[in-house]
Amino acid sequence: MIDRSSAVADNNSSPLLTAEMMSKLERMELVSRKIFRGRMKGERRSKRKGQSVEFADFRNYVSGDDLRFIDWNLFARMDRLYLKIFLEEEDLHFFTVVDDSISMDFGSPSKFFVAKQIAASLAYIGLCRGDRVSVSSFATCGSPVVLRGKTSAYRLLNHLGSLPCVDLSPTMEEAMRKFCLKNSGKGIVVVITDLMSKSGYETAMRMLVAREMDVFLIHVLSPEELEPNVQGDLKLIDCEDGDQREVSISASLLNRYQQALAGFIENAKSFCNKRAIAYVPARSDEPAENLVNEYLRGRGLVR
Amino acid sequence: MNWISMLSPWQWVILLAIPPAVLSLYFLKLKRKQLAVPSTMLWRKAVEDVHVNSIWQRLRKNLLLLLQLLFLALLILACLRPGWSGQNRIGERRIYIIDNSASMQATDVAPTRLDAAKKRVRELIEETSSDDVGMLIAFSDRADVRQGFTKERNKLLSSLESIQPTMHNTDLTEALRAAAGLANPGRSSFEDLTDIQVADAVPATVYLLSDGGFGDLGDFDIGKLQIQYIPIGEPTTANVGIVSFAVQRSEDKKNQLEAFARIMNHGNSQVSFTASLELDGKLLDASTVTIEPNAEAGLLFELSEMEQGQLKLMVDYADSLAADNVAYAAIRPNRPINVLLVTPGNSALETALQTARVQQVASLQVEGESFLTDPKYAESANNSAYDLIVFDQCSPTTMPQSNTLFIGGLPPRDPANAAKAAPATPEEIAAGDKKPLASDEATSQPPSDWVFGELQGPVIVLDVNRSNPMTQYLEMGSVGIVEARTVTPPESGDILMISDAGPVFGIAPRGPFQDAVLGFSIVQATDQGVSVNTDWGIKRSFPVFVYSAVELLGGGITESSAPTVQPGWPIGLQLSSRFKNFEVAFPNGTRTELVRGDESRSIFTQTDQPGPYAIFADSLERPIETFCVNLFSTRESNLATEATVKMGFEKVDASKATAQARQETWRWILLVGLAMLVVEWIVFNRRVFL
């Protein structure tokens, strides 16, 4: 008898975003640490110089430059040709990928629900700022839902709300490969996962880094994983591959588990740091609002 | 430290199979709760290093398993019954001899010495291994083998529990003889025969639990017995005890009684207490007594004349032994003996029957020979109106329903016997018609009835029967007899006096009565007057004889003080033949029937309870006789325990045996095991925190 009571999550019982939270999110914006070329002119001030009303700098005229940008007043005074440079405003590509493996379906609220909440929050910020928002799960990486504009918020929430945990979800590696093939553009990628993949997460993350994307990894763990409250002689069954482990819980075993967990988190963190991936740990029992408001803001993803 | 197995081999096999079973259960762990987890990845890492080394690593830090194995080890250890300072006693023979005499009721060791001894024996019995055989003897002044040699401890223990305290004295000889007889079987019971070894003597250990008050055992040979003397009680226990108490008629003042008591102080300090005297439960007198250490004091109470009653002397002093602080005496019921003397005239006999001493106990009625034909005589003779009828120179036609003494006369023949044997009847002999039986005929076949010889003389009395109270004080050497005839009592009778011609005085029972026949008369009434047949009448021994005859044959009470015996000893009672049914009332009020035998003396043996006893006859309301049972033993009252006892030629020290008791530890181990079980349970429930 498999005890899945802890997996009973209120996936559909509460909305992903409350009105109060949405009003807070509207004041935020996504920040990219890298300069990306947007496909369309957006509301975002880019680090790229371009055509806008905001002056940035002067530079010497070289032949071939657009004559419209020559500062004629300066030529009159100094008898030399200078070119005015303006700041460019552009849109941002924002991708969010939610891990939809069965292992995410644990905790109360479940890790999956929290992951969807985070994804919804960030995507909503993107929509409000006119960014291009792409929402997908591991299973739907090949056909992401792409949205733009605040009016698409309803579609966003609908899509995320209806995402299920999939029994035979592709591994993280497969999902990321598919994602990279499909999305050639650059931008911010937020991967929300518990990293509980026996085949490892390193290859998958390397693919994203290779695409020069600004990668955020939000590592969601449930309290059951962080501080397991178990005792007795147990037969542990992996909900994904059915792997069985017989353990007799003792203080020393729990110590070793904590060591293994700490090692696992530390590995993930150092892996990410080495590759300029922002590693953000998250607990499933903490409200997603706090994470977005405080933690992601601290990490510079939103402001 | 030694070990005693409590289990049989197959039980051991089962017990020893449990630890491997527990271990294998730990490996198998058949019942595990299933729990779904997001991923076993982290758990796998956590348990990986355990798997790396060996499967035994799994057990390395398993506290629960360790506790369980420890518990089992303790259980097995407990089943081995480890104990201290014992030896392996396989196949040993043990004889436990427990003193249950009166002094063992002392309370100087709580609750009593006897209980302490029983507890000690219980320990000794429990210490024995299963091959040992044990035997249990309780002794006071007699030995009582409670349990013969047995291997079954339960039998020994239940026999041990059944040992009750007695009020008896202490005499170890019989108990030791019983033990020695079993340990040294080669001994023949006939001392004059050559002692032939009939079987190998088996050495046995005797555990003697006593307070040592059994005196010297003389030259008793303990043979192969190894005696371990375990003294019970404190060596310096003080005690005050009454060692004698009696009531007597005052020598000086008539109609007064005096009660004497002797009280002994067995202690090393002076004691002072009140001794109170009660008559039938009412306080009569009291006196304060002070006794020096290890000394005794006498007490005298003067009492006014009383007909009968029970006196109780109590010493109001709290010591370890309460049994000797009370003593009983009784004033005997005063009942004169009815004596009828039928004589043609015998001044010597009449005088002897009228001495003050006889007058005190008997009322005498003197009648002539013609009284025998009086209907009044026939009536009273058949109704047992007389305790004793003395026929002087005469005899009745039928024997009366009372004791008789024939002097010079012969009792009539029993018609049944007369028809059978048909020897010479007294009348025929007297008339000289028929020859009496020849003496050789009489002796070759024990006579079933009286046999009388012819008158012959002179006769000299050679010897008297000293064992009979009637003749024990008689000195007949100087008595001359002119004529006498031999008197041979029937088989059941006794010859009391033998002359050169043969027996001249005999006594024989007749149903509940006794007949004594003297073969010569004192005086002989003839037509010429009275002729003296013997000079016995003027000798001193004659009134003594008459008094003894009245006392014995009359069955009367001649002393005002009731006899007293020690508990357990038989008492001989002189009961009047006038009554048919007798009952003895015990001090606690219960009654038992006393069967009176053919003889005038009855023996009563149920004297275990101390106190006053009363004997009731027929339907009389008042007792006809009383007697008392009192401890009265200096040895029992002396509670000081002896450290050394002398067994024949060997001295046995107390210290030898005192360290023998086995200190059982298995109970403690079992307790620790149970505590372990509790700890294990707590650990099981809270092990996450450990």
# chains A, B, ... in the order shown; residues from 1 in each chain; ligands from 1
>>> residues_around(residues="Asp66 (chain A)", least_positions_apart="5", cutoff="12 Å", atoms="only C-alpha atoms", output="list in words")
Gln51, Tyr61, Asp71, Leu81, Tyr82, Leu83, Lys84 and Ile85 of chain A
>>> write_last_selection(atoms="N, CA and C atoms", output="PDB file, in the first residue's frame")
ATOM      1  N   GLN A  51      17.315  53.604 -31.318  1.00  0.00           N
ATOM      2  CA  GLN A  51      16.501  54.777 -31.592  1.00  0.00           C
ATOM      3  C   GLN A  51      15.440  54.919 -30.525  1.00  0.00           C
ATOM      4  N   TYR A  61      31.629  60.998 -36.135  1.00  0.00           N
ATOM      5  CA  TYR A  61      30.941  60.544 -37.351  1.00  0.00           C
ATOM      6  C   TYR A  61      31.913  59.765 -38.198  1.00  0.00           C
ATOM      7  N   ASP A  71      24.634  65.833 -34.847  1.00  0.00           N
ATOM      8  CA  ASP A  71      24.249  66.984 -34.024  1.00  0.00           C
ATOM      9  C   ASP A  71      24.744  68.240 -34.726  1.00  0.00           C
ATOM     10  N   LEU A  81      32.006  66.908 -37.087  1.00  0.00           N
ATOM     11  CA  LEU A  81      30.762  66.138 -37.135  1.00  0.00           C
ATOM     12  C   LEU A  81      30.713  65.139 -35.956  1.00  0.00           C
ATOM     13  N   TYR A  82      29.667  65.252 -35.187  1.00  0.00           N
ATOM     14  CA  TYR A  82      29.427  64.289 -34.095  1.00  0.00           C
ATOM     15  C   TYR A  82      28.073  63.638 -34.263  1.00  0.00           C
ATOM     16  N   LEU A  83      28.017  62.502 -33.853  1.00  0.00           N
ATOM     17  CA  LEU A  83      26.759  61.755 -33.979  1.00  0.00           C
ATOM     18  C   LEU A  83      26.118  61.577 -32.577  1.00  0.00           C
ATOM     19  N   LYS A  84      24.808  61.859 -32.498  1.00  0.00           N
ATOM     20  CA  LYS A  84      24.118  61.642 -31.212  1.00  0.00           C
ATOM     21  C   LYS A  84      23.689  60.161 -31.117  1.00  0.00           C
ATOM     22  N   ILE A  85      23.894  59.588 -29.938  1.00  0.00           N
ATOM     23  CA  ILE A  85      23.492  58.190 -29.756  1.00  0.00           C
ATOM     24  C   ILE A  85      22.357  58.161 -28.732  1.00  0.00           C
TER      25      ILE A  85
END
>>> residues_around(residues="Glu650 (chain B)", least_positions_apart="5", cutoff="10 Å", atoms="only C-alpha atoms", output="list of chain:residue names")
B:Asp219, B:Phe220, B:Asp221, B:Ile222, B:Ile227, B:Val645
>>> select_by_dssp(residues="region 73-286 of chain A", states="strand (DSSP E)", output="ChimeraX atom specification")
/A:82-90,93-98,132-137,145-148,188-193,214-221,233-238,244-248,278-283
>>> closest_atom_pairs(of="chain A", to="chain B", cutoff="7 Å", atoms="only C-alpha atoms", output="JSON lines")
{"residue": "A:Met1", "atom": "CA", "partner": "B:Gln34", "partner_atom": "CA", "distance": 6.3}
{"residue": "A:Ile2", "atom": "CA", "partner": "B:Ala36", "partner_atom": "CA", "distance": 5.5}
{"residue": "A:Asp3", "atom": "CA", "partner": "B:Leu35", "partner_atom": "CA", "distance": 5.4}
{"residue": "A:Arg4", "atom": "CA", "partner": "B:Ala36", "partner_atom": "CA", "distance": 6.4}
{"residue": "A:Ser103", "atom": "CA", "partner": "B:Pro38", "partner_atom": "CA", "distance": 4.3}
{"residue": "A:Phe106", "atom": "CA", "partner": "B:Pro38", "partner_atom": "CA", "distance": 6.5}
{"residue": "A:Met196", "atom": "CA", "partner": "B:Ser39", "partner_atom": "CA", "distance": 6.3}
{"residue": "A:Lys198", "atom": "CA", "partner": "B:Met41", "partner_atom": "CA", "distance": 6.7}
{"residue": "A:Gln231", "atom": "CA", "partner": "B:Val688", "partner_atom": "CA", "distance": 6.8}
{"residue": "A:Asp233", "atom": "CA", "partner": "B:Arg32", "partner_atom": "CA", "distance": 5.4}
{"residue": "A:Leu234", "atom": "CA", "partner": "B:Lys33", "partner_atom": "CA", "distance": 4.7}
{"residue": "A:Lys235", "atom": "CA", "partner": "B:Gln34", "partner_atom": "CA", "distance": 4.6}
{"residue": "A:Leu236", "atom": "CA", "partner": "B:Leu35", "partner_atom": "CA", "distance": 5.0}
{"residue": "A:Ile237", "atom": "CA", "partner": "B:Ala36", "partner_atom": "CA", "distance": 4.7}
{"residue": "A:Asp238", "atom": "CA", "partner": "B:Ser39", "partner_atom": "CA", "distance": 4.9}
{"residue": "A:Cys239", "atom": "CA", "partner": "B:Pro38", "partner_atom": "CA", "distance": 5.7}
{"residue": "A:Arg245", "atom": "CA", "partner": "B:Thr40", "partner_atom": "CA", "distance": 6.9}
{"residue": "A:Ser250", "atom": "CA", "partner": "B:Val688", "partner_atom": "CA", "distance": 5.6}
{"residue": "A:Ala251", "atom": "CA", "partner": "B:Val688", "partner_atom": "CA", "distance": 5.1}
{"residue": "A:Leu253", "atom": "CA", "partner": "B:Ala46", "partner_atom": "CA", "distance": 6.7}
{"residue": "A:Arg256", "atom": "CA", "partner": "B:Ala46", "partner_atom": "CA", "distance": 5.0}
{"residue": "A:Tyr257", "atom": "CA", "partner": "B:Ala46", "partner_atom": "CA", "distance": 4.8}
{"residue": "A:Ala260", "atom": "CA", "partner": "B:Ala46", "partner_atom": "CA", "distance": 5.9}
{"residue": "A:Leu261", "atom": "CA", "partner": "B:Leu42", "partner_atom": "CA", "distance": 6.3}
>>> residues_around(residues="region 262-272 of chain A", least_positions_apart="6", cutoff="9 Å", atoms="only C-alpha atoms", output="list in words")
Leu195, Tyr201, Glu202, Met205, Phe216, Leu217, His219, Ala278, Tyr279, Val280 and Pro281 of chain A; Leu42 of chain B
>>> write_last_selection(atoms="N, CA and C atoms", output="PDB file, in the first residue's frame")
ATOM      1  N   LEU A 195      14.952  18.783  -8.989  1.00  0.00           N
ATOM      2  CA  LEU A 195      16.231  18.157  -9.376  1.00  0.00           C
ATOM      3  C   LEU A 195      16.293  16.677  -9.015  1.00  0.00           C
ATOM      4  N   TYR A 201      21.031  16.327 -13.547  1.00  0.00           N
ATOM      5  CA  TYR A 201      20.520  17.572 -14.115  1.00  0.00           C
ATOM      6  C   TYR A 201      21.611  18.350 -14.852  1.00  0.00           C
ATOM      7  N   GLU A 202      22.858  17.912 -14.704  1.00  0.00           N
ATOM      8  CA  GLU A 202      23.991  18.696 -15.193  1.00  0.00           C
ATOM      9  C   GLU A 202      23.949  18.913 -16.713  1.00  0.00           C
ATOM     10  N   MET A 205      21.334  21.403 -17.780  1.00  0.00           N
ATOM     11  CA  MET A 205      21.645  22.789 -17.470  1.00  0.00           C
ATOM     12  C   MET A 205      22.741  23.321 -18.391  1.00  0.00           C
ATOM     13  N   PHE A 216      17.955  30.788 -14.622  1.00  0.00           N
ATOM     14  CA  PHE A 216      17.616  30.731 -13.190  1.00  0.00           C
ATOM     15  C   PHE A 216      17.118  29.317 -12.870  1.00  0.00           C
ATOM     16  N   LEU A 217      17.647  28.784 -11.801  1.00  0.00           N
ATOM     17  CA  LEU A 217      17.177  27.458 -11.381  1.00  0.00           C
ATOM     18  C   LEU A 217      16.506  27.615 -10.012  1.00  0.00           C
ATOM     19  N   HIS A 219      14.991  25.718  -7.145  1.00  0.00           N
ATOM     20  CA  HIS A 219      15.010  24.342  -6.621  1.00  0.00           C
ATOM     21  C   HIS A 219      13.953  24.208  -5.525  1.00  0.00           C
ATOM     22  N   ALA A 278      21.788  31.199 -11.798  1.00  0.00           N
ATOM     23  CA  ALA A 278      21.330  31.649 -10.484  1.00  0.00           C
ATOM     24  C   ALA A 278      20.552  30.512  -9.822  1.00  0.00           C
ATOM     25  N   TYR A 279      21.071  30.079  -8.701  1.00  0.00           N
ATOM     26  CA  TYR A 279      20.415  28.967  -7.983  1.00  0.00           C
ATOM     27  C   TYR A 279      19.566  29.550  -6.880  1.00  0.00           C
ATOM     28  N   VAL A 280      18.293  29.243  -6.922  1.00  0.00           N
ATOM     29  CA  VAL A 280      17.381  29.787  -5.909  1.00  0.00           C
ATOM     30  C   VAL A 280      16.675  28.618  -5.221  1.00  0.00           C
ATOM     31  N   PRO A 281      16.998  28.359  -3.947  1.00  0.00           N
ATOM     32  CA  PRO A 281      16.272  27.298  -3.247  1.00  0.00           C
ATOM     33  C   PRO A 281      14.893  27.779  -2.814  1.00  0.00           C
TER      34      PRO A 281
ATOM     35  N   LEU B  42      18.127  10.257  -2.482  1.00  0.00           N
ATOM     36  CA  LEU B  42      18.859  10.703  -1.300  1.00  0.00           C
ATOM     37  C   LEU B  42      18.990   9.574  -0.285  1.00  0.00           C
TER      38      LEU B  42
END
>>> closest_residue(among="A:Leu74, A:Ile192, A:Val62, A:Val114", to="Glu289 (chain A)", atoms="only C-alpha atoms")
A:Val114
>>> residues_around(residues="Gly187 (chain A)", least_positions_apart="2", cutoff="8 Å", atoms="only C-alpha atoms", output="MDAnalysis selection string")
chainID A and resid 32 36 92:95 185 189 213:214
>>> residues_around(residues="Gly149 (chain A)", least_positions_apart="6", cutoff="8 Å", atoms="only C-alpha atoms", output="PyMOL selection string")
chain A and resi 127-132
>>> select_by_dssp(residues="region 86-279 of chain A", states="alpha helix (DSSP H)", output="PDB file with C-alpha atoms, in the first residue's frame")
ATOM      1  CA  LYS A 111       5.843  21.196  -4.983  1.00  0.00           C
ATOM      2  CA  PHE A 112       4.179  21.272  -8.414  1.00  0.00           C
ATOM      3  CA  PHE A 113       1.544  23.698  -7.288  1.00  0.00           C
ATOM      4  CA  VAL A 114       4.163  25.971  -5.763  1.00  0.00           C
ATOM      5  CA  ALA A 115       6.245  25.676  -8.913  1.00  0.00           C
ATOM      6  CA  LYS A 116       3.238  26.696 -11.011  1.00  0.00           C
ATOM      7  CA  GLN A 117       2.586  29.615  -8.655  1.00  0.00           C
ATOM      8  CA  ILE A 118       6.142  30.855  -9.100  1.00  0.00           C
ATOM      9  CA  ALA A 119       5.937  30.378 -12.835  1.00  0.00           C
ATOM     10  CA  ALA A 120       2.630  32.228 -12.955  1.00  0.00           C
ATOM     11  CA  SER A 121       3.975  35.112 -10.879  1.00  0.00           C
ATOM     12  CA  LEU A 122       7.045  35.594 -13.036  1.00  0.00           C
ATOM     13  CA  ALA A 123       5.113  35.165 -16.281  1.00  0.00           C
ATOM     14  CA  TYR A 124       2.547  37.693 -15.138  1.00  0.00           C
ATOM     15  CA  ILE A 125       5.273  40.218 -14.429  1.00  0.00           C
ATOM     16  CA  GLY A 126       6.549  39.585 -17.942  1.00  0.00           C
ATOM     17  CA  LEU A 127       3.122  40.035 -19.470  1.00  0.00           C
ATOM     18  CA  CYS A 128       2.584  43.278 -17.629  1.00  0.00           C
ATOM     19  CA  ALA A 153      -2.957  36.814 -18.200  1.00  0.00           C
ATOM     20  CA  TYR A 154      -6.159  34.787 -18.229  1.00  0.00           C
ATOM     21  CA  ARG A 155      -4.757  32.373 -20.784  1.00  0.00           C
ATOM     22  CA  LEU A 156      -1.560  32.094 -18.821  1.00  0.00           C
ATOM     23  CA  LEU A 157      -3.316  31.144 -15.610  1.00  0.00           C
ATOM     24  CA  ASN A 158      -5.664  28.779 -17.403  1.00  0.00           C
ATOM     25  CA  HIS A 159      -2.837  26.986 -19.085  1.00  0.00           C
ATOM     26  CA  LEU A 160      -0.715  26.691 -15.986  1.00  0.00           C
ATOM     27  CA  GLY A 161      -3.678  25.655 -13.841  1.00  0.00           C
ATOM     28  CA  MET A 172      15.183  16.803 -17.655  1.00  0.00           C
ATOM     29  CA  GLU A 173      17.859  16.224 -20.280  1.00  0.00           C
ATOM     30  CA  GLU A 174      15.354  15.310 -22.993  1.00  0.00           C
ATOM     31  CA  ALA A 175      13.113  18.173 -22.074  1.00  0.00           C
ATOM     32  CA  MET A 176      15.940  20.733 -22.217  1.00  0.00           C
ATOM     33  CA  ARG A 177      17.206  19.390 -25.505  1.00  0.00           C
ATOM     34  CA  LYS A 178      13.741  19.798 -26.992  1.00  0.00           C
ATOM     35  CA  PHE A 179      13.473  23.258 -25.439  1.00  0.00           C
ATOM     36  CA  CYS A 180      16.767  24.428 -26.916  1.00  0.00           C
ATOM     37  CA  LEU A 181      15.855  23.138 -30.358  1.00  0.00           C
ATOM     38  CA  LYS A 182      12.508  24.858 -30.319  1.00  0.00           C
ATOM     39  CA  GLU A 202      23.991  18.696 -15.193  1.00  0.00           C
ATOM     40  CA  THR A 203      23.724  17.949 -18.947  1.00  0.00           C
ATOM     41  CA  ALA A 204      20.363  19.645 -19.143  1.00  0.00           C
ATOM     42  CA  MET A 205      21.645  22.789 -17.470  1.00  0.00           C
ATOM     43  CA  ARG A 206      24.763  22.870 -19.604  1.00  0.00           C
ATOM     44  CA  MET A 207      22.583  22.987 -22.737  1.00  0.00           C
ATOM     45  CA  LEU A 208      20.870  26.113 -21.486  1.00  0.00           C
ATOM     46  CA  VAL A 209      24.179  27.725 -20.568  1.00  0.00           C
ATOM     47  CA  ALA A 210      25.498  26.930 -24.038  1.00  0.00           C
ATOM     48  CA  PRO A 223       9.492  19.720   4.068  1.00  0.00           C
ATOM     49  CA  GLU A 224       9.149  15.908   3.779  1.00  0.00           C
ATOM     50  CA  GLU A 225      12.384  15.896   1.848  1.00  0.00           C
ATOM     51  CA  LEU A 226      14.165  18.447   3.977  1.00  0.00           C
ATOM     52  CA  ALA A 251      19.157   8.612  14.369  1.00  0.00           C
ATOM     53  CA  SER A 252      22.343   7.815  12.526  1.00  0.00           C
ATOM     54  CA  LEU A 253      20.486   7.040   9.298  1.00  0.00           C
ATOM     55  CA  LEU A 254      18.652  10.340   9.541  1.00  0.00           C
ATOM     56  CA  ASN A 255      21.976  12.067  10.081  1.00  0.00           C
ATOM     57  CA  ARG A 256      23.364  10.456   6.991  1.00  0.00           C
ATOM     58  CA  TYR A 257      20.265  11.486   5.058  1.00  0.00           C
ATOM     59  CA  GLN A 258      20.757  15.085   6.133  1.00  0.00           C
ATOM     60  CA  GLN A 259      24.376  14.856   5.058  1.00  0.00           C
ATOM     61  CA  ALA A 260      23.344  13.441   1.698  1.00  0.00           C
ATOM     62  CA  LEU A 261      20.737  16.163   1.276  1.00  0.00           C
ATOM     63  CA  ALA A 262      23.145  18.917   2.213  1.00  0.00           C
ATOM     64  CA  GLY A 263      25.704  17.449  -0.201  1.00  0.00           C
ATOM     65  CA  PHE A 264      23.120  17.308  -2.942  1.00  0.00           C
ATOM     66  CA  ILE A 265      22.080  20.931  -2.460  1.00  0.00           C
ATOM     67  CA  GLU A 266      25.682  22.051  -2.179  1.00  0.00           C
ATOM     68  CA  ASN A 267      26.555  20.255  -5.409  1.00  0.00           C
ATOM     69  CA  ALA A 268      23.691  21.881  -7.243  1.00  0.00           C
ATOM     70  CA  LYS A 269      24.600  25.289  -5.888  1.00  0.00           C
ATOM     71  CA  SER A 270      28.264  25.056  -6.822  1.00  0.00           C
ATOM     72  CA  PHE A 271      27.412  23.645 -10.243  1.00  0.00           C
ATOM     73  CA  CYS A 272      25.164  26.616 -10.876  1.00  0.00           C
ATOM     74  CA  ASN A 273      27.600  29.171  -9.502  1.00  0.00           C
ATOM     75  CA  LYS A 274      30.361  27.900 -11.734  1.00  0.00           C
TER      76      LYS A 274
END
>>> residues_around(residues="region 369-386 of chain B", least_positions_apart="6", cutoff="8 Å", atoms="only C-alpha atoms", output="PDB file with C-alpha atoms, in the first residue's frame")
ATOM      1  CA  ILE B 337     -14.984 -42.995  98.272  1.00  0.00           C
ATOM      2  CA  ASN B 338     -17.827 -45.238  99.341  1.00  0.00           C
ATOM      3  CA  VAL B 339     -16.356 -48.306 100.980  1.00  0.00           C
ATOM      4  CA  LEU B 340     -18.422 -51.226 102.254  1.00  0.00           C
ATOM      5  CA  VAL B 342     -18.569 -56.944 105.063  1.00  0.00           C
ATOM      6  CA  THR B 343     -17.037 -58.788 107.967  1.00  0.00           C
ATOM      7  CA  PRO B 344     -18.014 -61.056 110.793  1.00  0.00           C
ATOM      8  CA  CYS B 394     -16.917 -64.126 103.431  1.00  0.00           C
ATOM      9  CA  PRO B 396     -21.099 -63.012  97.941  1.00  0.00           C
ATOM     10  CA  PRO B 400     -21.129 -56.984  92.775  1.00  0.00           C
ATOM     11  CA  GLN B 401     -20.862 -54.141  90.234  1.00  0.00           C
ATOM     12  CA  SER B 402     -17.877 -52.584  91.970  1.00  0.00           C
ATOM     13  CA  ARG B 578     -18.860 -46.545  89.341  1.00  0.00           C
TER      14      ARG B 578
END
>>> residues_around(residues="Leu7 (chain B)", least_positions_apart="6", cutoff="12 Å", atoms="only C-alpha atoms", output="MDAnalysis selection string")
chainID B and resid 13:16 76:81 129:130
>>> atom_distance(atom1="CA of Arg27 (chain A)", atom2="CA of Asp99 (chain A)")
27.4 Å
>>> atom_distance(atom1="CA of Phe139 (chain B)", atom2="CA of Ile98 (chain B)")
6.2 Å
>>> atom_distance(atom1="CA of Ile460 (chain B)", atom2="CA of Ala508 (chain B)")
22.8 Å
